[in-house]
file model30.cif (mmCIF, C-alpha atoms and all ligand atoms)
data_work
#
loop_
_atom_site.label_atom_id
_atom_site.label_comp_id
_atom_site.auth_asym_id
_atom_site.auth_seq_id
_atom_site.Cartn_x
_atom_site.Cartn_y
_atom_site.Cartn_z
CA MET O 300 -25.86 -34.05 -43.51
CA LYS O 301 -25.07 -32.51 -40.11
CA ILE O 302 -21.81 -32.82 -38.18
CA ASP O 303 -23.44 -35.22 -35.68
CA ASP O 304 -24.43 -37.53 -38.53
CA ILE O 305 -20.77 -38.18 -39.32
CA LYS O 306 -19.71 -41.41 -37.64
CA THR O 307 -17.27 -42.92 -40.14
CA ILE O 308 -14.54 -41.11 -42.03
CA ALA O 309 -12.56 -42.71 -44.85
CA VAL O 310 -9.02 -41.51 -45.53
CA ILE O 311 -7.60 -42.45 -48.92
CA GLY O 312 -3.83 -42.89 -49.11
CA SER O 313 -1.78 -43.88 -46.06
CA GLY O 314 1.32 -41.83 -46.85
CA THR O 315 2.74 -38.83 -45.01
CA MET O 316 -0.56 -36.94 -44.97
CA GLY O 317 -3.08 -39.81 -44.87
CA ARG O 318 -1.50 -41.20 -41.69
CA GLY O 319 -1.65 -37.82 -39.92
CA ILE O 320 -5.22 -37.19 -41.07
CA ALA O 321 -6.27 -40.66 -39.86
CA ILE O 322 -4.80 -39.85 -36.42
CA CYS O 323 -6.78 -36.55 -36.34
CA SER O 324 -9.97 -38.33 -37.39
CA ALA O 325 -9.64 -41.18 -34.88
CA GLY O 326 -8.47 -38.72 -32.21
CA ALA O 327 -11.73 -36.79 -32.67
CA GLY O 328 -13.65 -40.03 -32.02
CA PHE O 329 -14.59 -41.04 -35.58
CA ASN O 330 -14.45 -44.61 -36.86
CA THR O 331 -11.67 -44.20 -39.39
CA ILE O 332 -11.08 -46.34 -42.45
CA LEU O 333 -7.59 -45.90 -43.86
CA TYR O 334 -7.38 -47.12 -47.47
CA ASP O 335 -4.31 -47.76 -49.62
CA ILE O 336 -3.53 -49.90 -52.64
CA ASN O 337 -1.99 -52.90 -50.87
CA ASP O 338 -1.52 -54.51 -47.48
CA GLU O 339 2.25 -54.11 -47.45
CA ILE O 340 1.95 -50.32 -47.67
CA LEU O 341 -0.81 -50.37 -45.05
CA ASN O 342 1.22 -52.48 -42.61
CA ASN O 343 4.15 -50.13 -42.97
CA SER O 344 1.82 -47.15 -42.39
CA LYS O 345 0.36 -48.84 -39.31
CA ASN O 346 3.87 -49.27 -37.86
CA ILE O 347 4.64 -45.59 -38.44
CA ILE O 348 1.32 -44.54 -36.84
CA GLU O 349 2.04 -46.74 -33.82
CA LYS O 350 5.54 -45.28 -33.45
CA ASP O 351 4.22 -41.69 -33.81
CA LEU O 352 1.57 -42.26 -31.16
CA ALA O 353 4.01 -44.03 -28.83
CA LYS O 354 6.32 -41.02 -29.11
CA SER O 355 3.42 -38.64 -28.30
CA ALA O 356 2.52 -40.78 -25.27
CA GLU O 357 6.16 -40.84 -24.12
CA LYS O 358 6.28 -37.05 -24.37
CA LYS O 359 3.00 -36.96 -22.37
CA LYS O 360 1.22 -35.16 -25.21
CA ILE O 361 -1.45 -37.89 -25.09
CA THR O 362 -2.25 -40.54 -22.48
CA ASN O 363 -1.70 -44.24 -23.11
CA GLU O 364 -5.48 -44.71 -23.07
CA LYS O 365 -5.88 -42.08 -25.79
CA LYS O 366 -3.14 -43.73 -27.84
CA ASN O 367 -4.95 -47.09 -27.67
CA GLU O 368 -8.31 -45.46 -28.38
CA ILE O 369 -6.90 -43.84 -31.56
CA LEU O 370 -5.28 -47.10 -32.71
CA ASN O 371 -8.52 -49.03 -32.14
CA LYS O 372 -10.49 -46.55 -34.21
CA ILE O 373 -8.26 -46.85 -37.30
CA ASN O 374 -9.22 -49.77 -39.57
CA LEU O 375 -6.97 -50.51 -42.52
CA THR O 376 -8.21 -51.75 -45.88
CA SER O 377 -6.97 -52.28 -49.41
CA VAL O 378 -10.50 -53.04 -50.65
CA ILE O 379 -12.03 -49.86 -52.03
CA ASP O 380 -15.59 -51.21 -51.64
CA ASP O 381 -15.06 -51.05 -47.86
CA LEU O 382 -15.47 -47.27 -48.19
CA LYS O 383 -19.17 -47.66 -48.97
CA ASP O 384 -20.22 -46.94 -45.37
CA ALA O 385 -18.17 -43.76 -45.01
CA ASP O 386 -20.11 -40.59 -44.19
CA PHE O 387 -17.19 -38.33 -45.12
CA VAL O 388 -14.13 -39.02 -47.28
CA ILE O 389 -10.74 -37.28 -47.22
CA GLU O 390 -8.60 -38.22 -50.20
CA ALA O 391 -4.83 -37.94 -49.64
CA ALA O 392 -3.32 -40.05 -52.42
CA LEU O 393 -0.54 -38.86 -54.71
CA GLU O 394 -0.68 -35.40 -56.28
CA ASN O 395 -1.63 -36.54 -59.77
CA ILE O 396 -4.82 -35.48 -61.51
CA GLU O 397 -5.22 -38.79 -63.42
CA LEU O 398 -4.99 -40.73 -60.17
CA LYS O 399 -7.47 -38.40 -58.46
CA LYS O 400 -9.81 -38.90 -61.44
CA GLU O 401 -9.62 -42.68 -61.02
CA ILE O 402 -10.28 -42.43 -57.27
CA PHE O 403 -13.18 -39.94 -57.46
CA THR O 404 -14.81 -41.89 -60.31
CA SER O 405 -14.75 -44.98 -58.04
CA LEU O 406 -16.03 -43.04 -55.03
CA ASP O 407 -18.94 -41.77 -57.14
CA LYS O 408 -19.99 -45.39 -57.69
CA ILE O 409 -19.19 -46.77 -54.22
CA CYS O 410 -20.27 -44.09 -51.74
CA ARG O 411 -23.78 -42.93 -50.86
CA PRO O 412 -24.94 -39.88 -52.83
CA ASP O 413 -24.90 -37.76 -49.65
CA THR O 414 -21.35 -38.70 -48.60
CA VAL O 415 -19.16 -35.61 -48.68
CA LEU O 416 -16.01 -36.18 -50.73
CA THR O 417 -13.01 -33.96 -50.00
CA THR O 418 -9.46 -33.87 -51.28
CA ASN O 419 -6.25 -32.88 -49.53
CA THR O 420 -4.72 -31.77 -52.84
CA SER O 421 -2.10 -29.04 -52.46
CA SER O 422 -2.51 -27.51 -55.86
CA LEU O 423 -5.06 -29.18 -58.13
CA SER O 424 -8.40 -27.59 -58.97
CA ILE O 425 -11.34 -28.64 -56.78
CA THR O 426 -13.69 -27.66 -59.61
CA THR O 427 -11.88 -30.03 -61.99
CA ILE O 428 -12.00 -32.83 -59.40
CA SER O 429 -15.78 -32.19 -59.00
CA THR O 430 -16.27 -33.01 -62.68
CA PHE O 431 -15.15 -36.62 -61.99
CA VAL O 432 -18.27 -37.12 -59.82
CA LYS O 433 -21.57 -37.35 -61.66
CA THR O 434 -23.87 -37.67 -58.61
CA ASN O 435 -24.07 -34.44 -56.59
CA PRO O 436 -20.80 -32.74 -57.55
CA GLU O 437 -21.75 -30.05 -55.02
CA ARG O 438 -20.55 -32.45 -52.25
CA ILE O 439 -16.91 -32.01 -53.31
CA ALA O 440 -14.58 -29.62 -51.45
CA GLY O 441 -10.91 -29.17 -50.69
CA MET O 442 -9.73 -30.02 -47.18
CA HIS O 443 -6.07 -29.07 -47.22
CA PHE O 444 -4.16 -30.11 -44.11
CA PHE O 445 -0.56 -29.14 -43.39
CA ASN O 446 2.35 -31.41 -42.60
CA PRO O 447 2.48 -33.01 -39.99
CA ALA O 448 -1.33 -33.20 -40.26
CA ASN O 449 -1.86 -34.40 -36.69
CA ILE O 450 0.07 -31.41 -35.32
CA MET O 451 -0.44 -28.43 -37.62
CA LYS O 452 -3.63 -26.53 -36.81
CA LEU O 453 -4.44 -24.84 -40.12
CA VAL O 454 -6.80 -26.42 -42.66
CA GLU O 455 -7.66 -24.62 -45.90
CA VAL O 456 -11.26 -25.48 -46.76
CA VAL O 457 -11.50 -24.89 -50.49
CA ARG O 458 -14.71 -23.94 -52.21
CA GLY O 459 -14.86 -25.20 -55.79
CA ASP O 460 -17.26 -23.68 -58.32
CA PHE O 461 -19.79 -26.46 -57.61
CA THR O 462 -19.28 -26.76 -53.83
CA SER O 463 -22.54 -26.16 -51.94
CA GLU O 464 -22.83 -24.02 -48.83
CA ASP O 465 -23.80 -27.16 -46.85
CA THR O 466 -20.67 -29.01 -47.98
CA LEU O 467 -18.50 -26.03 -47.10
CA ASN O 468 -20.10 -25.57 -43.66
CA LEU O 469 -19.84 -29.27 -42.87
CA THR O 470 -16.16 -29.36 -43.85
CA VAL O 471 -15.50 -26.30 -41.67
CA ALA O 472 -17.40 -27.90 -38.76
CA LEU O 473 -15.50 -31.17 -39.15
CA SER O 474 -12.16 -29.34 -39.21
CA LYS O 475 -13.10 -27.66 -35.93
CA LYS O 476 -14.21 -30.98 -34.41
CA MET O 477 -10.74 -32.31 -35.27
CA GLY O 478 -9.25 -29.40 -33.31
CA LYS O 479 -8.16 -27.52 -36.42
CA VAL O 480 -8.38 -23.87 -37.45
CA PRO O 481 -10.23 -23.83 -40.78
CA VAL O 482 -9.80 -21.00 -43.28
CA VAL O 483 -12.02 -20.85 -46.35
CA ALA O 484 -10.02 -20.43 -49.56
CA LYS O 485 -11.00 -19.92 -53.18
CA ASP O 486 -10.26 -22.54 -55.81
CA THR O 487 -7.14 -20.92 -57.28
CA PRO O 488 -3.91 -22.83 -58.01
CA ALA O 489 -2.21 -23.85 -54.72
CA PHE O 490 -4.86 -21.85 -52.77
CA ILE O 491 -3.21 -19.47 -50.26
CA VAL O 492 -0.34 -20.98 -48.27
CA ASN O 493 1.22 -23.15 -50.96
CA ARG O 494 1.13 -20.37 -53.50
CA ILE O 495 2.99 -18.05 -51.16
CA ALA O 496 5.37 -20.89 -50.25
CA ARG O 497 6.31 -21.71 -53.88
CA PRO O 498 9.02 -19.02 -54.23
CA PHE O 499 10.41 -20.01 -50.80
CA TYR O 500 11.40 -23.40 -52.25
CA GLY O 501 11.95 -22.12 -55.81
CA GLU O 502 14.42 -19.40 -54.88
CA ALA O 503 16.27 -21.71 -52.47
CA LEU O 504 16.68 -24.22 -55.31
CA LYS O 505 17.83 -21.51 -57.71
CA ILE O 506 20.40 -20.27 -55.20
CA LEU O 507 21.62 -23.86 -54.79
CA SER O 508 21.83 -24.54 -58.54
CA GLU O 509 23.68 -21.26 -59.12
CA GLY O 510 26.15 -22.16 -56.38
CA SER O 511 25.35 -18.98 -54.43
CA SER O 512 24.73 -20.87 -51.16
CA GLU O 513 24.68 -24.43 -49.86
CA VAL O 514 21.84 -26.45 -48.36
CA GLU O 515 22.86 -26.23 -44.68
CA LYS O 516 23.88 -22.58 -44.92
CA THR O 517 20.58 -21.51 -46.50
CA ASP O 518 18.54 -23.43 -43.92
CA LYS O 519 20.59 -22.00 -41.07
CA ILE O 520 20.20 -18.43 -42.31
CA MET O 521 16.44 -18.74 -42.78
CA LYS O 522 16.02 -20.20 -39.30
CA SER O 523 18.36 -17.98 -37.34
CA CYS O 524 17.74 -14.69 -39.12
CA GLY O 525 14.40 -15.26 -40.84
CA GLY O 526 12.71 -16.75 -37.79
CA PHE O 527 11.45 -19.79 -39.74
CA ALA O 528 10.99 -23.04 -37.79
CA MET O 529 12.55 -24.96 -40.70
CA GLY O 530 14.69 -23.94 -43.64
CA PRO O 531 13.48 -24.54 -47.23
CA PHE O 532 15.57 -27.69 -47.74
CA GLU O 533 14.53 -29.25 -44.42
CA LEU O 534 10.95 -28.47 -45.32
CA MET O 535 11.23 -29.99 -48.81
CA ASP O 536 12.63 -33.17 -47.22
CA LEU O 537 9.68 -33.25 -44.81
CA ILE O 538 7.09 -32.67 -47.54
CA GLY O 539 8.66 -35.23 -49.90
CA ILE O 540 10.72 -34.13 -52.91
CA ASP O 541 8.32 -36.02 -55.23
CA VAL O 542 5.22 -34.36 -53.75
CA ASN O 543 6.82 -30.92 -53.81
CA PHE O 544 7.97 -31.44 -57.43
CA SER O 545 4.44 -32.54 -58.51
CA VAL O 546 2.91 -29.52 -56.77
CA THR O 547 5.45 -27.15 -58.37
CA LYS O 548 4.74 -28.60 -61.83
CA SER O 549 0.99 -28.30 -61.43
CA VAL O 550 1.20 -24.69 -60.15
CA TYR O 551 3.55 -23.80 -63.04
CA GLU O 552 1.10 -25.27 -65.57
CA ALA O 553 -1.93 -23.71 -63.86
CA PHE O 554 -0.36 -20.25 -64.21
CA PHE O 555 0.41 -20.91 -67.91
CA ASN O 556 4.15 -21.42 -67.40
CA ASP O 557 4.75 -18.27 -65.37
CA PRO O 558 8.56 -18.45 -64.86
CA LYS O 559 8.03 -17.42 -61.22
CA TYR O 560 6.82 -20.97 -60.51
CA ARG O 561 9.16 -22.91 -62.83
CA PRO O 562 10.36 -26.23 -61.30
CA ASN O 563 14.09 -26.79 -60.87
CA PHE O 564 16.18 -29.57 -62.46
CA ILE O 565 17.46 -30.48 -58.99
CA GLN O 566 13.94 -31.63 -58.05
CA LYS O 567 13.67 -33.87 -61.13
CA LYS O 568 17.13 -35.33 -60.60
CA MET O 569 16.32 -36.18 -56.98
CA VAL O 570 12.97 -37.76 -57.87
CA ASP O 571 14.61 -39.87 -60.59
CA ALA O 572 17.22 -41.03 -58.05
CA ASN O 573 14.54 -41.78 -55.40
CA LEU O 574 16.06 -39.18 -53.07
CA LEU O 575 12.64 -38.20 -51.76
CA GLY O 576 13.56 -36.79 -48.35
CA ARG O 577 12.60 -38.27 -45.01
CA LYS O 578 10.41 -40.98 -46.50
CA THR O 579 13.37 -42.62 -48.29
CA LYS O 580 15.81 -41.56 -45.54
CA ARG O 581 17.75 -39.39 -47.99
CA GLY O 582 16.95 -36.09 -49.64
CA PHE O 583 18.92 -32.89 -49.12
CA TYR O 584 19.92 -34.50 -45.79
CA LYS O 585 20.48 -38.08 -44.64
CA TYR O 586 18.21 -39.59 -41.97
CA GLU O 587 18.75 -42.57 -39.68
N1 LIG A 601 3.52 -33.93 -48.07
C1 LIG A 601 3.01 -32.77 -47.70
O1 LIG A 601 3.67 -31.97 -47.01
C2 LIG A 601 1.60 -32.39 -48.10
C3 LIG A 601 0.97 -31.34 -47.42
C4 LIG A 601 -0.37 -31.03 -47.75
C5 LIG A 601 -1.01 -31.73 -48.74
N2 LIG A 601 -0.35 -32.75 -49.40
C6 LIG A 601 -1.12 -33.48 -50.43
O2 LIG A 601 -1.56 -34.71 -49.86
C7 LIG A 601 -1.62 -35.72 -50.88
C8 LIG A 601 -0.76 -36.89 -50.41
O3 LIG A 601 0.57 -36.46 -50.22
P1 LIG A 601 1.58 -37.30 -49.31
O4 LIG A 601 2.71 -36.42 -48.99
O5 LIG A 601 0.84 -37.97 -48.20
O6 LIG A 601 2.08 -38.40 -50.35
P2 LIG A 601 2.80 -39.78 -50.04
O7 LIG A 601 3.63 -40.09 -51.24
O8 LIG A 601 3.47 -39.76 -48.72
O9 LIG A 601 1.59 -40.82 -49.94
C9 LIG A 601 0.71 -41.07 -50.98
C10 LIG A 601 -0.01 -42.38 -50.71
O10 LIG A 601 -0.98 -42.56 -51.75
C11 LIG A 601 -1.04 -43.94 -52.00
N3 LIG A 601 -1.68 -44.23 -53.27
C12 LIG A 601 -1.14 -44.33 -54.51
N4 LIG A 601 -2.09 -44.67 -55.40
C13 LIG A 601 -3.25 -44.77 -54.71
C14 LIG A 601 -4.57 -45.11 -55.07
N5 LIG A 601 -4.93 -45.41 -56.33
N6 LIG A 601 -5.51 -45.14 -54.10
C15 LIG A 601 -5.18 -44.84 -52.81
N7 LIG A 601 -3.95 -44.53 -52.42
C16 LIG A 601 -2.99 -44.49 -53.35
C17 LIG A 601 0.42 -44.39 -51.94
O11 LIG A 601 0.52 -45.80 -51.79
C18 LIG A 601 0.92 -43.60 -50.73
O12 LIG A 601 0.76 -44.34 -49.54
C19 LIG A 601 -1.15 -35.07 -52.17
O13 LIG A 601 -2.28 -34.64 -52.88
C20 LIG A 601 -0.32 -33.88 -51.67
O14 LIG A 601 -0.26 -32.83 -52.59
C21 LIG A 601 0.92 -33.10 -49.09
#

call {"tool": "encode", "arguments": {"input": "model30.cif", "output": "structure tokens"}}
result
Amino acid sequence: MKIDDIKTIAVIGSGTMGRGIAICSAGAGFNTILYDINDEILNNSKNIIEKDLAKSAEKKKITNEKKNEILNKINLTSVIDDLKDADFVIEAALENIELKKEIFTSLDKICRPDTVLTTNTSSLSITTISTFVKTNPERIAGMHFFNPANIMKLVEVVRGDFTSEDTLNLTVALSKKMGKVPVVAKDTPAFIVNRIARPFYGEALKILSEGSSEVEKTDKIMKSCGGFAMGPFELMDLIGIDVNFSVTKSVYEAFFNDPKYRPNFIQKKMVDANLLGRKTKRGFYKYE
């Protein structure tokens, strides 16, 4: 398949990342199908997308016409069979290998054999995910966006052991068409950026659990002296404490329990208490 053959893109999961990816896809002119497990979740996601785009229009980052064009190009569905006409799929459901197995097994049955199937996983192996697809596993690749997906330019395009050159080139070309800066990465745990970022969160959590510094103080120091746009706690709230915890656990396991990547009890406690960051309006900070 060539880049000009791609007309319809399916995005799986309408959470933090799926919504941003759908905006990128529709913004680049593709018919975009946004799939999630039920209509209530989808309606909530639609409201958030509308608010995000209205804000961008208010700030004159996009015109009102562009806003409406993007909204008109995003079609919501909770019926997985509706993905059968997709030319390219970007999966952005929860970071859980069993769930990804279920989704890719379904896609294998529903989609055409030439439909490229990518995953936005932050840490799971693309090669392992390829094994869930029996027909043409060489059409699987990683397409790792950064949060917020409609703003951040970088996309790690991950080559699994079975990924063909055509799949890789098409994913790179699509990233560019979406206005992104693609970087090809190898299929190693957490690829490039997230692997480097692990100790940023891990050490901040350790410092907090040891009582060496507080949340606000650490964030302030990292921003004012370290030059970071956000401190580690602000960033964890943006990512989602649950997503960050799942990624940390999978990286820790992938490196055979290397203590460098060990998750922190604070993450588990917050997930158990549904303190997931911005998405639940409370994490390390409170949000209105
Ligand atoms: N949050 C980040 O900063 C970030 C950055 C890059 C990559 N990622 C990756 O993107 C993926 C999604 O993360 P997120 O932050 O958007 O999570 P999220 O929790 O915000 O959203 C996940 C969505 O998946 C949906 N879902 C659950 N089961 C599903 C199923 N069977 N089929 C389809 N959808 C289903 C949920 O209803 C939810 O809407 C993960 O793999 C994560 O590692 C996250």

call {"tool": "residues_near_ligand", "arguments": {"input": "model30.cif", "ligand": "ligand LIG 601 (chain A)", "cutoff": "7 Å", "atoms": "all atoms listed in the file", "output": "mmCIF file with C-alpha atoms, in the coordinates of the input"}}
result
data_model
loop_
_atom_site.group_PDB
_atom_site.id
_atom_site.type_symbol
_atom_site.label_atom_id
_atom_site.label_comp_id
_atom_site.auth_asym_id
_atom_site.auth_seq_id
_atom_site.Cartn_x
_atom_site.Cartn_y
_atom_site.Cartn_z
ATOM 1 C CA ILE O 311 -7.600 -42.450 -48.920
ATOM 2 C CA GLY O 312 -3.830 -42.890 -49.110
ATOM 3 C CA SER O 313 -1.780 -43.880 -46.060
ATOM 4 C CA GLY O 314 1.320 -41.830 -46.850
ATOM 5 C CA THR O 315 2.740 -38.830 -45.010
ATOM 6 C CA MET O 316 -0.560 -36.940 -44.970
ATOM 7 C CA GLY O 317 -3.080 -39.810 -44.870
ATOM 8 C CA TYR O 334 -7.380 -47.120 -47.470
ATOM 9 C CA ASP O 335 -4.310 -47.760 -49.620
ATOM 10 C CA ILE O 336 -3.530 -49.900 -52.640
ATOM 11 C CA ILE O 340 1.950 -50.320 -47.670
ATOM 12 C CA ALA O 391 -4.830 -37.940 -49.640
ATOM 13 C CA ALA O 392 -3.320 -40.050 -52.420
ATOM 14 C CA LEU O 393 -0.540 -38.860 -54.710
ATOM 15 C CA GLU O 394 -0.680 -35.400 -56.280
ATOM 16 C CA LEU O 398 -4.990 -40.730 -60.170
ATOM 17 C CA ILE O 402 -10.280 -42.430 -57.270
ATOM 18 C CA ASN O 419 -6.250 -32.880 -49.530
ATOM 19 C CA THR O 420 -4.720 -31.770 -52.840
ATOM 20 C CA SER O 421 -2.100 -29.040 -52.460
ATOM 21 C CA SER O 422 -2.510 -27.510 -55.860
ATOM 22 C CA HIS O 443 -6.070 -29.070 -47.220
ATOM 23 C CA PHE O 444 -4.160 -30.110 -44.110
ATOM 24 C CA PHE O 445 -0.560 -29.140 -43.390
ATOM 25 C CA ASN O 446 2.350 -31.410 -42.600
ATOM 26 C CA LEU O 537 9.680 -33.250 -44.810
ATOM 27 C CA ILE O 538 7.090 -32.670 -47.540
ATOM 28 C CA GLY O 539 8.660 -35.230 -49.900
ATOM 29 C CA VAL O 542 5.220 -34.360 -53.750
ATOM 30 C CA VAL O 546 2.910 -29.520 -56.770
#

call {"tool": "closest_atom_pairs", "arguments": {"input": "model30.cif", "of": "range 331-411 of chain O", "to": "range 470-476 of chain O", "cutoff": "12 Å", "atoms": "all atoms listed in the file", "output": "tab-separated table"}}
result
residue	atom	partner	partner_atom	distance
O:Asp386	CA	O:Leu473	CA	11.6
O:Phe387	CA	O:Thr470	CA	9.1
O:Val388	CA	O:Thr470	CA	10.4
O:Ile389	CA	O:Thr470	CA	10.2

call {"tool": "atom_distance", "arguments": {"input": "model30.cif", "atom1": "CA of Pro498 in chain O", "atom2": "CA of Thr579 in chain O"}}
result
24.7 Å

call {"tool": "closest_residue", "arguments": {"input": "model30.cif", "among": "O:Lys485, O:Lys301, O:Lys559, O:Lys479", "to": "Val415 in chain O", "atoms": "all atoms listed in the file"}}
result
O:Lys301

call {"tool": "axis_aligned_box", "arguments": {"input": "model30.cif", "around": "range 523-531 of chain O", "padding_each_side": "5 Å", "output": "lines of an AutoDock Vina configuration file"}}
result
center_x = 14.7
center_y = -19.8
center_z = -42.3
size_x = 17.4
size_y = 20.3
size_z = 19.9

call {"tool": "decode", "arguments": {"input": "model30.cif", "residues": "range 419-440 of chain O", "atoms": "N, CA and C atoms", "output": "compact mmCIF listing (two decimals), in the first residue's frame"}}
result
# COMPACT_ATOMS: atom_id res chain seq x y z
N ASN O 419 0.24 2.14 19.59
CA ASN O 419 0.84 3.29 20.27
C ASN O 419 1.44 2.87 21.62
N THR O 420 1.65 1.57 21.80
CA THR O 420 2.21 1.11 23.09
C THR O 420 3.46 1.92 23.47
N SER O 421 3.60 2.16 24.78
CA SER O 421 4.76 2.90 25.27
C SER O 421 5.91 1.97 25.60
N SER O 422 5.60 0.69 25.81
CA SER O 422 6.64 -0.15 26.39
C SER O 422 6.58 -1.62 25.95
N LEU O 423 5.45 -2.05 25.40
CA LEU O 423 5.32 -3.48 25.09
C LEU O 423 6.02 -3.82 23.77
N SER O 424 6.37 -5.10 23.63
CA SER O 424 7.14 -5.51 22.46
C SER O 424 6.26 -5.58 21.21
N ILE O 425 6.73 -4.92 20.15
CA ILE O 425 6.02 -4.94 18.86
C ILE O 425 6.08 -6.36 18.28
N THR O 426 7.22 -7.02 18.50
CA THR O 426 7.37 -8.39 17.98
C THR O 426 6.35 -9.31 18.65
N THR O 427 6.17 -9.16 19.96
CA THR O 427 5.17 -9.99 20.66
C THR O 427 3.78 -9.69 20.11
N ILE O 428 3.47 -8.41 19.92
CA ILE O 428 2.13 -8.03 19.42
C ILE O 428 1.93 -8.61 18.00
N SER O 429 3.00 -8.66 17.20
CA SER O 429 2.91 -9.25 15.84
C SER O 429 2.45 -10.70 15.88
N THR O 430 2.82 -11.40 16.96
CA THR O 430 2.48 -12.84 17.01
C THR O 430 0.97 -13.05 17.21
N PHE O 431 0.23 -12.00 17.55
CA PHE O 431 -1.23 -12.13 17.72
C PHE O 431 -1.95 -12.08 16.38
N VAL O 432 -1.19 -11.74 15.31
CA VAL O 432 -1.79 -11.60 13.98
C VAL O 432 -1.25 -12.72 13.09
N LYS O 433 -2.15 -13.55 12.61
CA LYS O 433 -1.69 -14.71 11.81
C LYS O 433 -1.48 -14.33 10.34
N THR O 434 -2.32 -13.40 9.82
CA THR O 434 -2.20 -13.02 8.41
C THR O 434 -1.25 -11.82 8.28
N ASN O 435 -0.17 -12.01 7.59
CA ASN O 435 0.82 -10.95 7.33
C ASN O 435 1.31 -10.22 8.59
N PRO O 436 1.96 -10.90 9.50
CA PRO O 436 2.45 -10.19 10.70
C PRO O 436 3.48 -9.10 10.37
N GLU O 437 3.96 -9.10 9.13
CA GLU O 437 4.92 -8.05 8.73
C GLU O 437 4.26 -6.67 8.59
N ARG O 438 2.92 -6.63 8.70
CA ARG O 438 2.21 -5.33 8.60
C ARG O 438 2.01 -4.69 9.97
N ILE O 439 2.69 -5.20 10.99
CA ILE O 439 2.58 -4.64 12.34
C ILE O 439 3.80 -3.76 12.63
N ALA O 440 3.56 -2.58 13.20
CA ALA O 440 4.66 -1.70 13.62
C ALA O 440 4.23 -0.90 14.83
